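Undergrad: Next comes work_0.tsv, TSV, C-alpha atoms:
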```tsv
chain	number	residue	atom	x	y	z
A	1	MET	CA	0.00	0.00	0.00
A	2	GLU	CA	1.35	3.43	-0.89
A	3	PHE	CA	0.83	6.79	0.75
A	4	THR	CA	-1.28	8.89	-1.60
A	5	HIS	CA	-0.76	12.23	0.16
A	6	PHE	CA	2.79	12.59	-1.19
A	7	ASP	CA	3.98	13.31	-4.72
A	8	GLU	CA	7.04	11.74	-6.40
A	9	GLN	CA	9.36	14.20	-4.64
A	10	GLY	CA	7.86	13.50	-1.21
A	11	ASN	CA	5.89	16.75	-1.03
A	12	ALA	CA	2.50	16.78	0.68
A	13	ARG	CA	-0.46	17.05	-1.66
A	14	MET	CA	-4.21	16.78	-1.62
A	15	VAL	CA	-5.27	13.61	-3.41
A	16	ASP	CA	-7.05	14.18	-6.73
A	17	VAL	CA	-10.42	12.44	-6.43
A	18	GLY	CA	-11.90	14.07	-9.55
A	19	ASP	CA	-12.12	10.85	-11.56
A	20	LYS	CA	-13.68	8.79	-8.76
A	21	ALA	CA	-17.36	7.89	-8.85
A	22	ASP	CA	-19.75	9.27	-6.25
A	23	THR	CA	-20.81	6.59	-3.80
A	24	LYS	CA	-22.73	6.56	-0.52
A	25	ARG	CA	-20.22	6.67	2.32
A	26	GLU	CA	-20.63	6.38	6.07
A	27	ALA	CA	-18.24	6.25	9.00
A	28	VAL	CA	-18.73	5.72	12.73
A	29	ALA	CA	-16.12	6.71	15.31
A	30	ARG	CA	-16.14	6.21	19.08
A	31	GLY	CA	-14.26	7.59	22.04
A	32	THR	CA	-14.56	7.88	25.81
A	33	ILE	CA	-13.86	10.46	28.48
A	34	PHE	CA	-13.13	9.12	31.95
A	35	MET	CA	-13.87	11.26	35.02
A	36	SER	CA	-14.47	11.17	38.74
A	37	PRO	CA	-17.72	9.63	39.99
A	38	GLN	CA	-18.74	13.06	41.36
A	39	CYS	CA	-18.24	14.72	37.98
A	40	LEU	CA	-20.09	11.95	36.13
A	41	ASP	CA	-22.98	12.26	38.58
A	42	MET	CA	-23.20	16.03	37.97
A	43	VAL	CA	-23.22	15.52	34.18
A	44	SER	CA	-25.87	12.79	34.53
A	45	ARG	CA	-28.10	14.95	36.72
A	46	GLY	CA	-27.56	18.10	34.63
A	47	THR	CA	-26.16	20.09	37.55
A	48	MET	CA	-22.88	21.24	36.02
A	49	ALA	CA	-22.49	25.02	36.41
A	50	LYS	CA	-21.91	25.57	32.67
A	51	GLY	CA	-25.23	23.94	31.74
A	52	ASP	CA	-26.27	20.99	29.59
A	53	VAL	CA	-22.90	19.33	29.05
A	54	LEU	CA	-24.02	16.64	26.62
A	55	GLY	CA	-26.30	18.96	24.64
A	56	VAL	CA	-23.49	21.46	24.11
A	57	ALA	CA	-20.98	18.66	23.37
A	58	ARG	CA	-23.36	17.20	20.76
A	59	VAL	CA	-23.58	20.52	18.89
A	60	ALA	CA	-19.80	21.04	19.22
A	61	GLY	CA	-19.11	17.59	17.79
A	62	ILE	CA	-21.35	18.27	14.81
A	63	MET	CA	-19.76	21.67	14.25
A	64	GLY	CA	-16.26	20.17	14.58
A	65	ALA	CA	-17.01	17.45	12.04
A	66	LYS	CA	-18.27	20.09	9.61
A	67	ARG	CA	-14.94	21.95	9.97
A	68	THR	CA	-12.67	18.92	9.46
A	69	SER	CA	-11.17	20.24	6.22
A	70	ASP	CA	-10.20	23.45	8.08
A	71	LEU	CA	-8.41	21.46	10.80
A	72	ILE	CA	-6.76	18.58	8.91
A	73	PRO	CA	-4.62	20.09	6.13
A	74	LEU	CA	-5.14	17.55	3.33
A	75	CYS	CA	-8.81	16.67	3.89
A	76	HIS	CA	-11.30	17.47	1.18
A	77	ILE	CA	-14.28	19.73	1.81
A	78	LEU	CA	-17.30	17.43	1.89
A	79	ASN	CA	-21.00	17.89	1.40
A	80	LEU	CA	-22.09	16.03	4.53
A	81	THR	CA	-25.61	14.62	4.44
A	82	LYS	CA	-25.74	13.31	8.03
A	83	LEU	CA	-23.93	14.01	11.28
A	84	ASN	CA	-25.02	12.52	14.59
A	85	VAL	CA	-23.25	12.60	17.92
A	86	ASP	CA	-24.68	10.40	20.66
A	87	PHE	CA	-23.54	9.65	24.21
A	88	THR	CA	-23.78	6.74	26.61
A	89	ILE	CA	-23.02	7.24	30.29
A	90	LYS	CA	-21.00	4.28	31.54
A	91	LYS	CA	-21.12	4.40	35.34
A	92	GLU	CA	-19.17	1.15	35.66
A	93	ILE	CA	-16.07	2.85	34.20
A	94	ASN	CA	-16.86	6.43	35.29
A	95	GLY	CA	-16.99	7.48	31.68
A	96	ILE	CA	-19.04	8.87	28.87
A	97	GLU	CA	-18.78	7.23	25.47
A	98	ALA	CA	-19.32	9.44	22.42
A	99	VAL	CA	-20.26	8.06	19.01
A	100	CYS	CA	-20.19	10.16	15.84
A	101	THR	CA	-21.80	8.99	12.61
A	102	ALA	CA	-21.01	10.88	9.41
A	103	ARG	CA	-22.51	10.31	5.97
A	104	THR	CA	-22.12	11.70	2.48
A	105	THR	CA	-22.53	10.78	-1.15
A	106	GLY	CA	-19.31	11.70	-2.83
A	107	LYS	CA	-15.83	10.85	-4.06
A	108	THR	CA	-14.04	10.47	-0.72
A	109	GLY	CA	-14.81	9.03	2.68
A	110	VAL	CA	-15.99	10.56	5.94
A	111	GLU	CA	-13.70	8.78	8.41
A	112	MET	CA	-11.89	11.98	9.37
A	113	GLU	CA	-15.19	13.80	9.91
A	114	ALA	CA	-16.44	11.08	12.26
A	115	LEU	CA	-13.14	11.03	14.18
A	116	THR	CA	-13.05	14.83	14.40
A	117	GLY	CA	-16.67	14.97	15.55
A	118	VAL	CA	-16.16	12.48	18.36
A	119	THR	CA	-12.92	14.16	19.48
A	120	VAL	CA	-14.40	17.67	19.56
A	121	ALA	CA	-17.41	16.37	21.51
A	122	LEU	CA	-15.10	14.81	24.11
A	123	LEU	CA	-12.96	17.95	24.33
A	124	THR	CA	-16.11	19.98	24.92
A	125	ILE	CA	-17.12	17.71	27.78
A	126	TYR	CA	-13.67	18.27	29.27
A	127	ASP	CA	-13.99	22.04	28.89
A	128	MET	CA	-17.40	22.14	30.52
A	129	CYS	CA	-16.39	19.89	33.44
A	130	LYS	CA	-12.79	20.94	34.16
A	131	ALA	CA	-13.80	23.13	37.12
A	132	VAL	CA	-14.97	19.95	38.89
A	133	ASP	CA	-12.36	17.45	37.62
A	134	LYS	CA	-9.12	18.48	35.92
A	135	SER	CA	-7.88	14.87	35.92
A	136	MET	CA	-10.34	13.66	33.25
A	137	GLU	CA	-8.83	11.51	30.51
A	138	ILE	CA	-9.88	11.18	26.90
A	139	GLY	CA	-9.09	7.87	25.25
A	140	ASN	CA	-10.12	4.94	23.12
A	141	VAL	CA	-10.86	7.13	20.09
A	142	TYR	CA	-11.12	4.92	17.03
A	143	LEU	CA	-12.88	4.30	13.73
A	144	GLU	CA	-15.45	1.60	14.40
A	145	HIS	CA	-16.52	1.06	10.81
A	146	LYS	CA	-16.86	2.69	7.44
A	147	SER	CA	-18.65	1.84	4.24
A	148	GLY	CA	-18.59	2.94	0.63
A	149	GLY	CA	-15.91	3.79	-1.86
A	150	LYS	CA	-13.34	1.69	-3.65
A	151	SER	CA	-12.02	0.04	-0.49
A	152	GLY	CA	-15.52	-1.04	0.58
A	153	ASP	CA	-16.58	-1.88	4.11
A	154	PHE	CA	-14.27	-1.81	7.10
A	155	HIS	CA	-15.12	-3.08	10.58
A	156	ASN	CA	-12.43	-2.48	13.16
A	157	PRO	CA	-11.31	-5.99	14.18
A	158	ARG	CA	-9.91	-4.76	17.50
A	159	HIS	CA	-13.22	-3.51	18.85
A	160	ASN	CA	-16.14	-5.67	17.67
A	161	GLY	CA	-18.62	-3.06	18.93
A	162	GLU	CA	-17.39	-3.34	22.52
A	163	GLN	CA	-15.52	-0.61	24.34
A	164	VAL	CA	-11.91	-1.61	24.92
A	165	LEU	CA	-10.43	-0.32	28.17
```
For the structure just supplied, provide its representation as structure tokens.
TA:
Amino acid sequence: MEFTHFDEQGNARMVDVGDKADTKREAVARGTIFMSPQCLDMVSRGTMAKGDVLGVARVAGIMGAKRTSDLIPLCHILNLTKLNVDFTIKKEINGIEAVCTARTTGKTGVEMEALTGVTVALLTIYDMCKAVDKSMEIGNVYLEHKSGGKSGDFHNPRHNGEQVL
């Protein structure tokens, strides 16, 4: 497999996708933020001083995914047709799992948008909760699966839909 983001001289370049066919593409990324039980309880009960942590983080994740091409230098600007960010509170690990689903019909995939969306959502949770718990940790960010395009479907063999700690 070759790296397509470099020309013959080793210079960075944006890949030319002009001759590729439009296909339906979807990607799902996951990640988790770990925090103190007290902090998780405040998020769960909606008593954090800055307001609705998960509501704000959901909007931030969607906005972040939409700005992926501004943040990652060689990403294409995409016409996204779906962006969802959802959360699951996992009391057994004192964490919140974020899942971002991105979809488009186009010439290139949405993996980076899904990964950016989940990461921005987790960073927003950190920002809104840091007054209560500065020791929070963000981890386990990964591409769960993607579909569409020349390379077809991908299901991450290391995760099988279960959170890996």
Undergrad: Using CA of Ser44 in chain A and CA of Glu97 in chain A as the two end points, give the distance in Å to one decimal.
TA: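 If I compute the distance from CA of Ser44 in chain A to CA of Glu97 in chain A, I get 12.8 Å.
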Undergrad: Would you list the contacts of Val110 in chain A as a PDB file with C-alpha atoms, keeping the file's coordinate frame, taking every protein, DNA or RNA residue within 7 Å and counting all atoms listed in the file, but skipping same-chain residues closer than 5 positions in sequence?
TA:
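After the write, part_5.pdb holds the following:
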```pdb
ATOM      1  CA  ARG A  25     -20.220   6.670   2.320  1.00  0.00           C
ATOM      2  CA  GLU A  26     -20.630   6.380   6.070  1.00  0.00           C
ATOM      3  CA  ALA A  27     -18.240   6.250   9.000  1.00  0.00           C
ATOM      4  CA  ALA A 102     -21.010  10.880   9.410  1.00  0.00           C
ATOM      5  CA  ARG A 103     -22.510  10.310   5.970  1.00  0.00           C
TER       6      ARG A 103
END
```
Undergrad: What's the 9 Å shell around Thr119 in chain A, counting all atoms listed in the file, without same-chain residues fewer than 5 positions away, as a PyMOL selection string?
TA: chain A and resi 30-31+61+64+98+114+124+138+141
Undergrad: My list of candidates is A:Lys20, A:Arg58, A:Lys50, A:Arg45. Which is closest to Val132 in chain A when distances are computed with only C-alpha atoms?
TA: A:Lys50
Undergrad: Could you give me, as JSON lines, every range 10-113 of chain A residue with an atom at most 9 Å from range 146-162 of chain A, plus its closest atom pair and distance in Å to one decimal, counting all atoms listed in the file, rows ordered by chain then number?
TA:
```
{"residue": "A:Lys20", "atom": "CA", "partner": "A:Lys150", "partner_atom": "CA", "distance": 8.8}
{"residue": "A:Ala21", "atom": "CA", "partner": "A:Gly149", "partner_atom": "CA", "distance": 8.2}
{"residue": "A:Asp22", "atom": "CA", "partner": "A:Gly149", "partner_atom": "CA", "distance": 8.0}
{"residue": "A:Thr23", "atom": "CA", "partner": "A:Gly149", "partner_atom": "CA", "distance": 6.0}
{"residue": "A:Lys24", "atom": "CA", "partner": "A:Gly148", "partner_atom": "CA", "distance": 5.6}
{"residue": "A:Arg25", "atom": "CA", "partner": "A:Gly148", "partner_atom": "CA", "distance": 4.4}
{"residue": "A:Glu26", "atom": "CA", "partner": "A:Ser147", "partner_atom": "CA", "distance": 5.3}
{"residue": "A:Ala27", "atom": "CA", "partner": "A:Lys146", "partner_atom": "CA", "distance": 4.1}
{"residue": "A:Val28", "atom": "CA", "partner": "A:Lys146", "partner_atom": "CA", "distance": 6.4}
{"residue": "A:Ala29", "atom": "CA", "partner": "A:Lys146", "partner_atom": "CA", "distance": 8.9}
{"residue": "A:Thr105", "atom": "CA", "partner": "A:Gly148", "partner_atom": "CA", "distance": 9.0}
{"residue": "A:Gly106", "atom": "CA", "partner": "A:Gly149", "partner_atom": "CA", "distance": 8.7}
{"residue": "A:Lys107", "atom": "CA", "partner": "A:Gly149", "partner_atom": "CA", "distance": 7.4}
{"residue": "A:Thr108", "atom": "CA", "partner": "A:Gly149", "partner_atom": "CA", "distance": 7.0}
{"residue": "A:Gly109", "atom": "CA", "partner": "A:Gly149", "partner_atom": "CA", "distance": 7.0}
{"residue": "A:Val110", "atom": "CA", "partner": "A:Lys146", "partner_atom": "CA", "distance": 8.1}
{"residue": "A:Glu111", "atom": "CA", "partner": "A:Lys146", "partner_atom": "CA", "distance": 6.9}
```
Undergrad: Keeping C-alpha atoms, export the residues of the selection given above as a PDB file, in the frame of the given file.
TA:
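This went into result_10.pdb:
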```pdb
ATOM      1  CA  LYS A  20     -13.680   8.790  -8.760  1.00  0.00           C
ATOM      2  CA  ALA A  21     -17.360   7.890  -8.850  1.00  0.00           C
ATOM      3  CA  ASP A  22     -19.750   9.270  -6.250  1.00  0.00           C
ATOM      4  CA  THR A  23     -20.810   6.590  -3.800  1.00  0.00           C
ATOM      5  CA  LYS A  24     -22.730   6.560  -0.520  1.00  0.00           C
ATOM      6  CA  ARG A  25     -20.220   6.670   2.320  1.00  0.00           C
ATOM      7  CA  GLU A  26     -20.630   6.380   6.070  1.00  0.00           C
ATOM      8  CA  ALA A  27     -18.240   6.250   9.000  1.00  0.00           C
ATOM      9  CA  VAL A  28     -18.730   5.720  12.730  1.00  0.00           C
ATOM     10  CA  ALA A  29     -16.120   6.710  15.310  1.00  0.00           C
ATOM     11  CA  THR A 105     -22.530  10.780  -1.150  1.00  0.00           C
ATOM     12  CA  GLY A 106     -19.310  11.700  -2.830  1.00  0.00           C
ATOM     13  CA  LYS A 107     -15.830  10.850  -4.060  1.00  0.00           C
ATOM     14  CA  THR A 108     -14.040  10.470  -0.720  1.00  0.00           C
ATOM     15  CA  GLY A 109     -14.810   9.030   2.680  1.00  0.00           C
ATOM     16  CA  VAL A 110     -15.990  10.560   5.940  1.00  0.00           C
ATOM     17  CA  GLU A 111     -13.700   8.780   8.410  1.00  0.00           C
TER      18      GLU A 111
END
```
Undergrad: Pick from A:Thr116, A:Asn94, A:Thr68, A:Thr101: nearest to Pro37 in chain A, with only C-alpha atoms counted?
TA: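 Comparing A:Thr116, A:Asn94, A:Thr68, A:Thr101 against Pro37 in chain A, the winner is A:Asn94.
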Undergrad: Please report the interatomic distance between CA of His76 in chain A and CA of Val17 in chain A in Å with one decimal.
TA: 9.2 Å
Undergrad: Name the residues in contact with Ile89 in chain A at a cut-off of 12 Å, using all atoms listed in the file, excluding same-chain residues fewer than 3 positions from it; report them as a PDB file with C-alpha atoms, in the coordinates of the input.
TA:
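Contents of the output file out.pdb:
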```pdb
ATOM      1  CA  THR A  32     -14.560   7.880  25.810  1.00  0.00           C
ATOM      2  CA  ILE A  33     -13.860  10.460  28.480  1.00  0.00           C
ATOM      3  CA  PHE A  34     -13.130   9.120  31.950  1.00  0.00           C
ATOM      4  CA  MET A  35     -13.870  11.260  35.020  1.00  0.00           C
ATOM      5  CA  PRO A  37     -17.720   9.630  39.990  1.00  0.00           C
ATOM      6  CA  CYS A  39     -18.240  14.720  37.980  1.00  0.00           C
ATOM      7  CA  LEU A  40     -20.090  11.950  36.130  1.00  0.00           C
ATOM      8  CA  ASP A  41     -22.980  12.260  38.580  1.00  0.00           C
ATOM      9  CA  MET A  42     -23.200  16.030  37.970  1.00  0.00           C
ATOM     10  CA  VAL A  43     -23.220  15.520  34.180  1.00  0.00           C
ATOM     11  CA  SER A  44     -25.870  12.790  34.530  1.00  0.00           C
ATOM     12  CA  ARG A  45     -28.100  14.950  36.720  1.00  0.00           C
ATOM     13  CA  LEU A  54     -24.020  16.640  26.620  1.00  0.00           C
ATOM     14  CA  ASP A  86     -24.680  10.400  20.660  1.00  0.00           C
ATOM     15  CA  GLU A  92     -19.170   1.150  35.660  1.00  0.00           C
ATOM     16  CA  ILE A  93     -16.070   2.850  34.200  1.00  0.00           C
ATOM     17  CA  ASN A  94     -16.860   6.430  35.290  1.00  0.00           C
ATOM     18  CA  GLY A  95     -16.990   7.480  31.680  1.00  0.00           C
ATOM     19  CA  ILE A  96     -19.040   8.870  28.870  1.00  0.00           C
ATOM     20  CA  GLU A  97     -18.780   7.230  25.470  1.00  0.00           C
ATOM     21  CA  ALA A  98     -19.320   9.440  22.420  1.00  0.00           C
ATOM     22  CA  VAL A  99     -20.260   8.060  19.010  1.00  0.00           C
TER      23      VAL A  99
END
```
Undergrad: For a test of reading the model, state the distance in Å between CA of Arg67 in chain A and CA of Val120 in chain A, rounded to one decimal.
TA: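 Result for CA of Arg67 in chain A versus CA of Val120 in chain A: 10.5 Å, one decimal.
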